[in-house]
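Some notes on the structure that comes next.
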Amino acid sequence: MKAMLLEKPEKIEKKPLKYSDYKDPEIREGKVIVKVLANGVCHSDLHIIEGDFQLPGDLFPMIPGHEIVGEVVESKSNLGLGDRVGIGWFYSACGTCDQCVSGHENLCPNALVSGINVKGGYAEYAVLDAAYVSPIPDEVKSSEAAPLFCAGITAYSAVKRISPSIGDRIAVFGIGGLAFYAIQMIEATGAHAVAITKGHREVAEKAGASEITDRPEGKYDGSIVFAPNSSLVKDAVSSVKSGKTVVIPAVMDKIDVPFGDFMWEKNITSVASGLRKETRAVLEMAAEHNLQSMIQERKLSEANEVLADLKNGKIMGRAVLIPSSISNCIVTLHEF
Ligand SMILES: [Zn+2]
Ligand SMILES: [Zn+2]
């Protein structure tokens, strides 16, 4: 099969992924082989590829990709041929540790990660664990579904940590692909999303934010910071009400917040993707409540260009690699 191989972590400009032939995947008990229909490109892929995460050498060559949607072409499980399923960051968990047993499988210390511990979706085929995949509702296109497995579930988990009430004002810092989902989810709860952005008002408008402003005004009932920017975290913490929560889903070098800004029982928390049932809830939300997405479809072989665009801030929504795409350099922008 064709795959984009990561031989060793390095800056993408210096050592791009290699579009190569790779051995076909082998089926095992409890697993399925899927023909990859779409794979979303995530900022975490860039961190992995460029060596920002310390990973053992025996994981290489690696096939990145953790927003995988595919069609089952071989099954040693209860899933049937032709079923459309997907997987995100958490490939599988151990099922026996304290976290798994208490219903927090996303915090399992023995979890396997798609695109790190197992070969990911930058390929024509992938092996998935049948117990951990989620079915894709018929109403949702593969390219729309793929980003829901990381961007969508991360936005959902972030909003859930805040648990907005009707009429609450929830600040969203860092307007891009994740915020696009989060704003819609906040508005769906009856709360008001306040997009705080200098340059991306049109994205916030399309997502349906109740308020758009270039700096915090008043005090908020919760905040989410999607941009990896410590000064935004400081603004978010100082503008949230006492006792309320600031969620930071992004990978951040450091967070520099004076104690005085988060005293009075303010909480700062991260999110770790989400549970299977939550991923399924996000997919149902997409099918039933018209969750909109902002997707660029690109060829698998263009992954390096896509990653460079992502690095340079040129991708506003989410880019999705389509292995079967044979069109040359056609970029389609779907705005639903
Ligand atoms: Zn991701
Ligand atoms: Zn576990």
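Chain lettering (A, B, ...) mirrors the order of the structure tokens, residue numbering begins at 1 for each chain separately, and ligand numbering begins at 1 in order of display.
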
What are the nearest atom pairs, with distances in Å to one decimal, for all residues of chain A that come at most 8 Å from ligand 1, using only C-alpha atoms and all ligand atoms, set out by chain and rising residue number as a tab-separated table?
```
residue	atom	partner	partner_atom_place_in_ligand_line	distance
A:Val41	CA	ligand 1	1 (Zn)	7.5
A:Cys42	CA	ligand 1	1 (Zn)	4.6
A:His43	CA	ligand 1	1 (Zn)	6.2
A:Ser44	CA	ligand 1	1 (Zn)	5.1
A:Asp45	CA	ligand 1	1 (Zn)	6.9
A:His66	CA	ligand 1	1 (Zn)	6.2
A:Glu67	CA	ligand 1	1 (Zn)	6.9
A:Gly88	CA	ligand 1	1 (Zn)	7.5
A:Trp89	CA	ligand 1	1 (Zn)	6.3
A:Phe149	CA	ligand 1	1 (Zn)	7.9
A:Cys150	CA	ligand 1	1 (Zn)	4.6
A:Ala151	CA	ligand 1	1 (Zn)	6.2
```

Generate the output file for the selected residues, N, CA and C atoms, as a short mmCIF file (atom, residue, chain, number, x, y, z; two decimals), in the first residue's frame.
```
data_model
loop_
_atom_site.label_atom_id
_atom_site.label_comp_id
_atom_site.auth_asym_id
_atom_site.auth_seq_id
_atom_site.Cartn_x
_atom_site.Cartn_y
_atom_site.Cartn_z
N VAL A 41 -5.82 16.06 9.21
CA VAL A 41 -4.46 16.47 9.59
C VAL A 41 -4.56 17.39 10.80
N CYS A 42 -3.85 16.99 11.86
CA CYS A 42 -3.99 17.67 13.16
C CYS A 42 -2.66 18.33 13.54
N HIS A 43 -2.73 19.38 14.35
CA HIS A 43 -1.51 20.02 14.83
C HIS A 43 -0.60 19.06 15.59
N SER A 44 -1.23 18.09 16.27
CA SER A 44 -0.41 17.11 17.00
C SER A 44 0.47 16.31 16.03
N ASP A 45 0.00 16.10 14.80
CA ASP A 45 0.83 15.39 13.82
C ASP A 45 2.15 16.14 13.62
N HIS A 66 -4.30 10.42 13.16
CA HIS A 66 -5.19 9.93 14.20
C HIS A 66 -6.60 10.49 14.06
N GLU A 67 -6.98 10.79 12.83
CA GLU A 67 -8.39 11.15 12.57
C GLU A 67 -8.80 10.31 11.37
N GLY A 88 -9.88 7.85 16.67
CA GLY A 88 -9.14 9.09 16.90
C GLY A 88 -7.82 8.83 17.59
N TRP A 89 -7.41 9.75 18.45
CA TRP A 89 -6.11 9.70 19.13
C TRP A 89 -5.96 8.38 19.91
N PHE A 149 -12.98 13.12 14.97
CA PHE A 149 -12.32 12.14 15.84
C PHE A 149 -11.19 12.74 16.68
N CYS A 150 -10.72 13.95 16.32
CA CYS A 150 -9.79 14.62 17.24
C CYS A 150 -10.27 16.04 17.52
N ALA A 151 -10.37 16.85 16.46
CA ALA A 151 -10.80 18.24 16.67
C ALA A 151 -12.20 18.28 17.30
#
```

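Proximity to region 139-145 of chain A at 8 Å, evaluated using only C-alpha atoms and with sequence-adjacent residues fewer than 4 positions away removed, yields Leu37, Ala38, Asn39, Gly40, Val69, Gly70, Phe149, Leu283, Ala286, Ala287, Ser293, Ile295, Glu297, Val320 and Ile322 of chain A.
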
Write the residues you've just listed into a file as a short mmCIF file (atom, residue, chain, number, x, y, z; two decimals), in the first residue's frame, and include N, CA and C atoms for each of them.
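out.cif, freshly written:
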```
data_model
loop_
_atom_site.label_atom_id
_atom_site.label_comp_id
_atom_site.auth_asym_id
_atom_site.auth_seq_id
_atom_site.Cartn_x
_atom_site.Cartn_y
_atom_site.Cartn_z
N LEU A 37 -10.72 6.18 3.92
CA LEU A 37 -11.50 7.06 3.05
C LEU A 37 -11.12 8.52 3.29
N ALA A 38 -10.71 8.82 4.50
CA ALA A 38 -10.33 10.19 4.84
C ALA A 38 -9.51 10.17 6.13
N ASN A 39 -8.53 11.05 6.22
CA ASN A 39 -7.76 11.19 7.46
C ASN A 39 -7.47 12.67 7.70
N GLY A 40 -7.93 13.16 8.82
CA GLY A 40 -7.72 14.58 9.12
C GLY A 40 -6.28 14.86 9.54
N VAL A 69 -11.00 7.72 9.09
CA VAL A 69 -12.29 7.14 8.72
C VAL A 69 -12.06 6.19 7.57
N GLY A 70 -12.57 4.97 7.70
CA GLY A 70 -12.35 3.99 6.64
C GLY A 70 -13.52 3.03 6.51
N PHE A 149 -12.98 13.12 14.97
CA PHE A 149 -12.32 12.14 15.84
C PHE A 149 -11.19 12.74 16.68
N LEU A 283 -20.50 12.41 16.78
CA LEU A 283 -20.91 11.96 15.44
C LEU A 283 -22.44 12.08 15.28
N ALA A 286 -23.31 15.62 14.76
CA ALA A 286 -23.04 16.02 13.38
C ALA A 286 -24.16 15.58 12.46
N ALA A 287 -24.69 14.38 12.72
CA ALA A 287 -25.74 13.83 11.84
C ALA A 287 -27.08 14.51 12.09
N SER A 293 -18.90 21.96 9.38
CA SER A 293 -17.45 21.81 9.39
C SER A 293 -16.85 22.65 8.27
N ILE A 295 -13.83 22.26 5.81
CA ILE A 295 -12.92 21.19 5.41
C ILE A 295 -12.23 21.52 4.09
N GLU A 297 -10.23 19.29 1.31
CA GLU A 297 -9.83 17.93 0.93
C GLU A 297 -8.55 17.99 0.12
N VAL A 320 -8.09 17.53 5.25
CA VAL A 320 -8.33 16.09 5.29
C VAL A 320 -7.67 15.44 4.09
N ILE A 322 -7.22 12.53 1.42
CA ILE A 322 -8.08 11.52 0.78
C ILE A 322 -7.18 10.61 -0.05
#
```

Write out, as JSON lines, each residue of chain A that has an atom at most 10 Å from ligand 2, together with the closest pair of atoms and their distance in Å to one decimal, counting only C-alpha atoms and all ligand atoms, rows going by chain and rising number.
```
{"residue": "A:Ser92", "atom": "CA", "partner": "ligand 2", "partner_atom_place_in_ligand_line": "1 (Zn)", "distance": 8.8}
{"residue": "A:Ala93", "atom": "CA", "partner": "ligand 2", "partner_atom_place_in_ligand_line": "1 (Zn)", "distance": 5.0}
{"residue": "A:Cys94", "atom": "CA", "partner": "ligand 2", "partner_atom_place_in_ligand_line": "1 (Zn)", "distance": 3.9}
{"residue": "A:Gly95", "atom": "CA", "partner": "ligand 2", "partner_atom_place_in_ligand_line": "1 (Zn)", "distance": 4.7}
{"residue": "A:Thr96", "atom": "CA", "partner": "ligand 2", "partner_atom_place_in_ligand_line": "1 (Zn)", "distance": 5.3}
{"residue": "A:Cys97", "atom": "CA", "partner": "ligand 2", "partner_atom_place_in_ligand_line": "1 (Zn)", "distance": 4.2}
{"residue": "A:Asp98", "atom": "CA", "partner": "ligand 2", "partner_atom_place_in_ligand_line": "1 (Zn)", "distance": 6.7}
{"residue": "A:Gln99", "atom": "CA", "partner": "ligand 2", "partner_atom_place_in_ligand_line": "1 (Zn)", "distance": 5.7}
{"residue": "A:Cys100", "atom": "CA", "partner": "ligand 2", "partner_atom_place_in_ligand_line": "1 (Zn)", "distance": 4.4}
{"residue": "A:Val101", "atom": "CA", "partner": "ligand 2", "partner_atom_place_in_ligand_line": "1 (Zn)", "distance": 7.4}
{"residue": "A:Ser102", "atom": "CA", "partner": "ligand 2", "partner_atom_place_in_ligand_line": "1 (Zn)", "distance": 9.5}
{"residue": "A:Gly103", "atom": "CA", "partner": "ligand 2", "partner_atom_place_in_ligand_line": "1 (Zn)", "distance": 9.5}
{"residue": "A:His104", "atom": "CA", "partner": "ligand 2", "partner_atom_place_in_ligand_line": "1 (Zn)", "distance": 8.2}
{"residue": "A:Glu105", "atom": "CA", "partner": "ligand 2", "partner_atom_place_in_ligand_line": "1 (Zn)", "distance": 5.9}
{"residue": "A:Asn106", "atom": "CA", "partner": "ligand 2", "partner_atom_place_in_ligand_line": "1 (Zn)", "distance": 8.3}
{"residue": "A:Leu107", "atom": "CA", "partner": "ligand 2", "partner_atom_place_in_ligand_line": "1 (Zn)", "distance": 7.4}
{"residue": "A:Cys108", "atom": "CA", "partner": "ligand 2", "partner_atom_place_in_ligand_line": "1 (Zn)", "distance": 3.9}
{"residue": "A:Pro109", "atom": "CA", "partner": "ligand 2", "partner_atom_place_in_ligand_line": "1 (Zn)", "distance": 6.1}
{"residue": "A:Asn110", "atom": "CA", "partner": "ligand 2", "partner_atom_place_in_ligand_line": "1 (Zn)", "distance": 5.5}
{"residue": "A:Ala111", "atom": "CA", "partner": "ligand 2", "partner_atom_place_in_ligand_line": "1 (Zn)", "distance": 6.3}
{"residue": "A:Leu112", "atom": "CA", "partner": "ligand 2", "partner_atom_place_in_ligand_line": "1 (Zn)", "distance": 9.8}
```

- Selection near Asp129 (chain A), 8 Å with only C-alpha atoms, sequence-local residues under 2 positions removed, as a PyMOL selection string: chain A and resi 30-32+91-92+127+131-133

Just C-alpha atoms for this one: save the residues we selected as a PDB file, in the first residue's frame.
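The resulting file, selection36.pdb, is shown below:
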```
ATOM      1  CA  GLY A  30     -10.686  -8.445  17.240  1.00  0.00           C
ATOM      2  CA  LYS A  31      -9.372  -6.155  14.520  1.00  0.00           C
ATOM      3  CA  VAL A  32     -10.527  -4.870  11.131  1.00  0.00           C
ATOM      4  CA  TYR A  91      -6.497   3.641  19.469  1.00  0.00           C
ATOM      5  CA  SER A  92      -7.346   1.383  22.389  1.00  0.00           C
ATOM      6  CA  VAL A 127      -5.757  -1.844  11.094  1.00  0.00           C
ATOM      7  CA  ALA A 131     -13.943  -2.527  20.134  1.00  0.00           C
ATOM      8  CA  TYR A 132     -12.739   1.065  20.023  1.00  0.00           C
ATOM      9  CA  VAL A 133     -13.965   2.335  16.637  1.00  0.00           C
TER      10      VAL A 133
END
```

- DSSP strand (DSSP E) selection over region 33-264 of chain A, as number ranges by chain: A: 33-41, 68-75, 84-87, 90-92, 112-113, 125-129, 134-135, 169-173, 192-196, 211-213, 222-225, 245-247

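Between CA of Lys277 (chain A) and CA of Val159 (chain A) the separation is 15.6 Å.
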
- Could you tell me, as number ranges by chain, which residues of region 12-165 of chain A DSSP assigns to alpha helix (DSSP H) when given the backbone? A: 43-49, 98-101, 142-145, 151-162

Any chance you could export the current selection's C-alpha atoms as a PDB file, in the first residue's frame?
```
ATOM      1  CA  HIS A  43      -1.506  20.024  14.826  1.00  0.00           C
ATOM      2  CA  SER A  44      -0.410  17.109  17.001  1.00  0.00           C
ATOM      3  CA  ASP A  45       0.826  15.390  13.822  1.00  0.00           C
ATOM      4  CA  LEU A  46       3.240  18.283  13.351  1.00  0.00           C
ATOM      5  CA  HIS A  47       4.447  17.955  16.956  1.00  0.00           C
ATOM      6  CA  ILE A  48       5.041  14.223  16.430  1.00  0.00           C
ATOM      7  CA  ILE A  49       6.722  14.654  13.042  1.00  0.00           C
ATOM      8  CA  ASP A  98      -8.318   1.881  37.611  1.00  0.00           C
ATOM      9  CA  GLN A  99      -8.985   4.538  34.979  1.00  0.00           C
ATOM     10  CA  CYS A 100     -10.544   2.097  32.507  1.00  0.00           C
ATOM     11  CA  VAL A 101     -12.636   0.385  35.178  1.00  0.00           C
ATOM     12  CA  SER A 142     -16.147  10.676   5.450  1.00  0.00           C
ATOM     13  CA  SER A 143     -14.186  13.906   5.023  1.00  0.00           C
ATOM     14  CA  GLU A 144     -16.518  15.689   7.472  1.00  0.00           C
ATOM     15  CA  ALA A 145     -16.384  12.820   9.945  1.00  0.00           C
ATOM     16  CA  ALA A 151     -10.803  18.243  16.671  1.00  0.00           C
ATOM     17  CA  GLY A 152     -14.499  17.522  17.227  1.00  0.00           C
ATOM     18  CA  ILE A 153     -14.117  15.369  20.335  1.00  0.00           C
ATOM     19  CA  THR A 154     -11.528  17.746  21.831  1.00  0.00           C
ATOM     20  CA  ALA A 155     -13.861  20.714  21.364  1.00  0.00           C
ATOM     21  CA  TYR A 156     -16.720  18.663  22.844  1.00  0.00           C
ATOM     22  CA  SER A 157     -14.665  17.622  25.888  1.00  0.00           C
ATOM     23  CA  ALA A 158     -13.551  21.221  26.440  1.00  0.00           C
ATOM     24  CA  VAL A 159     -17.131  22.495  26.386  1.00  0.00           C
ATOM     25  CA  LYS A 160     -18.175  19.641  28.675  1.00  0.00           C
ATOM     26  CA  ARG A 161     -15.536  20.611  31.255  1.00  0.00           C
ATOM     27  CA  ILE A 162     -17.203  24.016  31.471  1.00  0.00           C
TER      28      ILE A 162
END
```

- Query: Within 12 Å of Arg169 (chain A), counting only C-alpha atoms, which residues qualify if same-chain residues fewer than 3 places away don't, as a PyMOL selection string?
  - Reply: chain A and resi 162-166+172+183+186-187+189-196+209-212+216-224+239-241+244

- Using only C-alpha atoms: which of A:Glu202, A:Leu291, A:Gly174, A:Leu321 has the shortest distance to Glu305 (chain A): A:Leu321

- Name all residues at most 10 Å from Leu81 (chain A) (count only C-alpha atoms; drop same-chain ones fewer than 6 positions away) and give them as a list in words. Val32, Ile33, Val34, Glu71, Val72, Val73, Glu74 and Ser75 of chain A

Given the selection you just returned, output its residues as a file containing C-alpha atoms, formatted as an mmCIF file, in the first residue's frame.
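Saved to result_12.cif:
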```
data_model
loop_
_atom_site.group_PDB
_atom_site.id
_atom_site.type_symbol
_atom_site.label_atom_id
_atom_site.label_comp_id
_atom_site.auth_asym_id
_atom_site.auth_seq_id
_atom_site.Cartn_x
_atom_site.Cartn_y
_atom_site.Cartn_z
ATOM 1 C CA VAL A 32 -10.527 -4.870 11.131
ATOM 2 C CA ILE A 33 -8.608 -3.637 8.127
ATOM 3 C CA VAL A 34 -10.103 -0.482 6.709
ATOM 4 C CA GLU A 71 -14.475 1.250 5.149
ATOM 5 C CA VAL A 72 -14.034 -2.257 6.558
ATOM 6 C CA VAL A 73 -12.508 -4.516 3.906
ATOM 7 C CA GLU A 74 -11.445 -7.368 6.200
ATOM 8 C CA SER A 75 -12.814 -8.281 9.615
#
```

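Among A:Lys8, A:Lys254, A:Arg298, A:Arg280, the residue with the shortest atom-to-atom distance to Pro137 (chain A), counting only C-alpha atoms, is A:Arg280.
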
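Nearest-residue note for Gly199 (chain A): choosing from A:Asp214, A:Asp309, A:Asp58, A:Asp21, the minimum distance belongs to A:Asp214, counting only C-alpha atoms.
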